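Accompanying notes for the structure given below.
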Amino acid sequence: MQTGHDAPSAKLVVMIDDDPVVLDGMAGLLRSWGYAVVAAASDDAAQAGLAQLGRRPDLIISDYRLAEGKTGVEAIERLRGGSEIPALLITGEAAPTLPPDVRAGRYHLLHKPVDPTALLGLLSRMFRREDWFLGGK
């Protein structure tokens, strides 16, 4: 598999998923590509990890459905805190059930199961381009 040659270790990715197996797998994959990763089961845990590092993320990746009825959209917006931090949602949901801001391109969206090659390509494009925030292609 390719390495993330466009992923200098300075790029910090937050990965949020309430499934520990998925979280560990995705975090390991991102690290193997050279990204620094804060892996968390919730936005609260992600904020705690970021506070320990003393920095903001360069990218937020979240599963759409999280524990306790929360969504990845809520987690991303809380971590963004009004800043324009690029975000990627991963979902098993069909597009019609997603909120309008997701369907309108406010977030990059990948469907499960996520193809690692497609994810690597998307991340490489996102970190090379300036229009990555609002779903730029």
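Chain labels run A, B, ... following the order of the structure tokens; each chain numbers its residues from 1, and ligands are numbered from 1 in the order shown.
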Under the rule of at most 12 Å, produce a per-residue listing of segment 38-80 of chain A near segment 116-127 of chain A: chain, number, name, the closest pair of atoms, and the distance in Å, as CSV, using only C-alpha atoms.
residue,atom,partner,partner_atom,distance
A:Asp58,CA,A:Phe127,CA,8.9
A:Leu59,CA,A:Phe127,CA,9.1
A:Ile60,CA,A:Leu123,CA,11.1
A:Ile61,CA,A:Leu123,CA,10.5
Just-selected residues, N, CA and C atoms written as a PDB file, in the first residue's frame:
ATOM      1  N   ASP A  58      -5.641  19.575  12.120  1.00  0.00           N
ATOM      2  CA  ASP A  58      -5.625  19.987  10.719  1.00  0.00           C
ATOM      3  C   ASP A  58      -6.791  19.369   9.962  1.00  0.00           C
ATOM      4  N   LEU A  59      -7.359  18.303  10.520  1.00  0.00           N
ATOM      5  CA  LEU A  59      -8.469  17.589   9.900  1.00  0.00           C
ATOM      6  C   LEU A  59      -9.215  16.816  10.978  1.00  0.00           C
ATOM      7  N   ILE A  60     -10.532  16.734  10.830  1.00  0.00           N
ATOM      8  CA  ILE A  60     -11.355  15.931  11.738  1.00  0.00           C
ATOM      9  C   ILE A  60     -12.072  14.879  10.910  1.00  0.00           C
ATOM     10  N   ILE A  61     -11.954  13.618  11.340  1.00  0.00           N
ATOM     11  CA  ILE A  61     -12.684  12.516  10.716  1.00  0.00           C
ATOM     12  C   ILE A  61     -13.587  11.932  11.794  1.00  0.00           C
TER      13      ILE A  61
END
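With atom CA of Gly28 of chain A on one side and atom CA of Ala45 of chain A on the other, the separation reads 17.7 Å.
With only C-alpha atoms as the atoms that count, the residue of A:Leu79, A:Leu50, A:Val22, A:Ala41 with the shortest distance to Lys112 of chain A is A:Val22.
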Checklist entry - DSSP on the backbone: what in segment 24-131 of chain A comes out helix (DSSP H, G or I), as a VMD selection string? => result chain A and resid 24 to 32 43 to 53 67 to 69 72 to 80 95 to 97 100 to 103 116 to 128
Checklist outcome for this item: Of A:Ala27, A:Thr71, A:Arg56, A:Glu77, the one sitting nearest Leu12 of chain A when using only C-alpha atoms is A:Arg56
Counting only C-alpha atoms, what is within 6 Å of Leu89 of chain A, bar same-chain residues fewer than 6 positions away, as a short mmCIF file (atom, residue, chain, number, x, y, z; two decimals) with N, CA, C and O atoms, in the first residue's frame?
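Output saved as result-v7.cif:
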data_model
loop_
_atom_site.label_atom_id
_atom_site.label_comp_id
_atom_site.auth_asym_id
_atom_site.auth_seq_id
_atom_site.Cartn_x
_atom_site.Cartn_y
_atom_site.Cartn_z
N ILE A 61 -11.95 13.62 11.34
CA ILE A 61 -12.68 12.52 10.72
C ILE A 61 -13.59 11.93 11.79
O ILE A 61 -13.13 11.64 12.89
N SER A 62 -14.87 11.77 11.46
CA SER A 62 -15.79 11.22 12.44
C SER A 62 -16.78 10.27 11.79
O SER A 62 -17.23 10.51 10.67
N ASP A 63 -17.11 9.23 12.52
CA ASP A 63 -18.23 8.39 12.13
C ASP A 63 -19.48 9.24 12.27
O ASP A 63 -19.54 10.14 13.12
N TYR A 64 -20.47 8.99 11.43
CA TYR A 64 -21.69 9.81 11.48
C TYR A 64 -22.51 9.51 12.74
O TYR A 64 -22.95 10.41 13.43
N LEU A 109 -17.58 13.28 2.46
CA LEU A 109 -18.36 12.13 2.91
C LEU A 109 -17.86 10.86 2.25
O LEU A 109 -17.69 10.81 1.03
#
Item to check | In segment 5-133 of chain A, DSSP strand (DSSP E) residues written as a PyMOL selection string | outcome: chain A and resi 12-16+36-40+59-63+87-91+108-111
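Comparing A:Ala94, A:Ile76, A:Gly81, A:Leu23 by their smallest distance to Tyr107 of chain A, the closest is A:Ile76 (using only C-alpha atoms).
Between atom CA of Arg128 of chain A and atom CA of Ala51 of chain A there is a distance of 26.6 Å.
In this model, the gap between atom CA of Ala87 of chain A and atom CA of Val37 of chain A comes to 14.1 Å.
Distance annotation: of A:Gln47, A:Thr91, A:Ser32, A:Gln52, the residue with the minimal separation from Val73 of chain A is A:Thr91; atom set is only C-alpha atoms.
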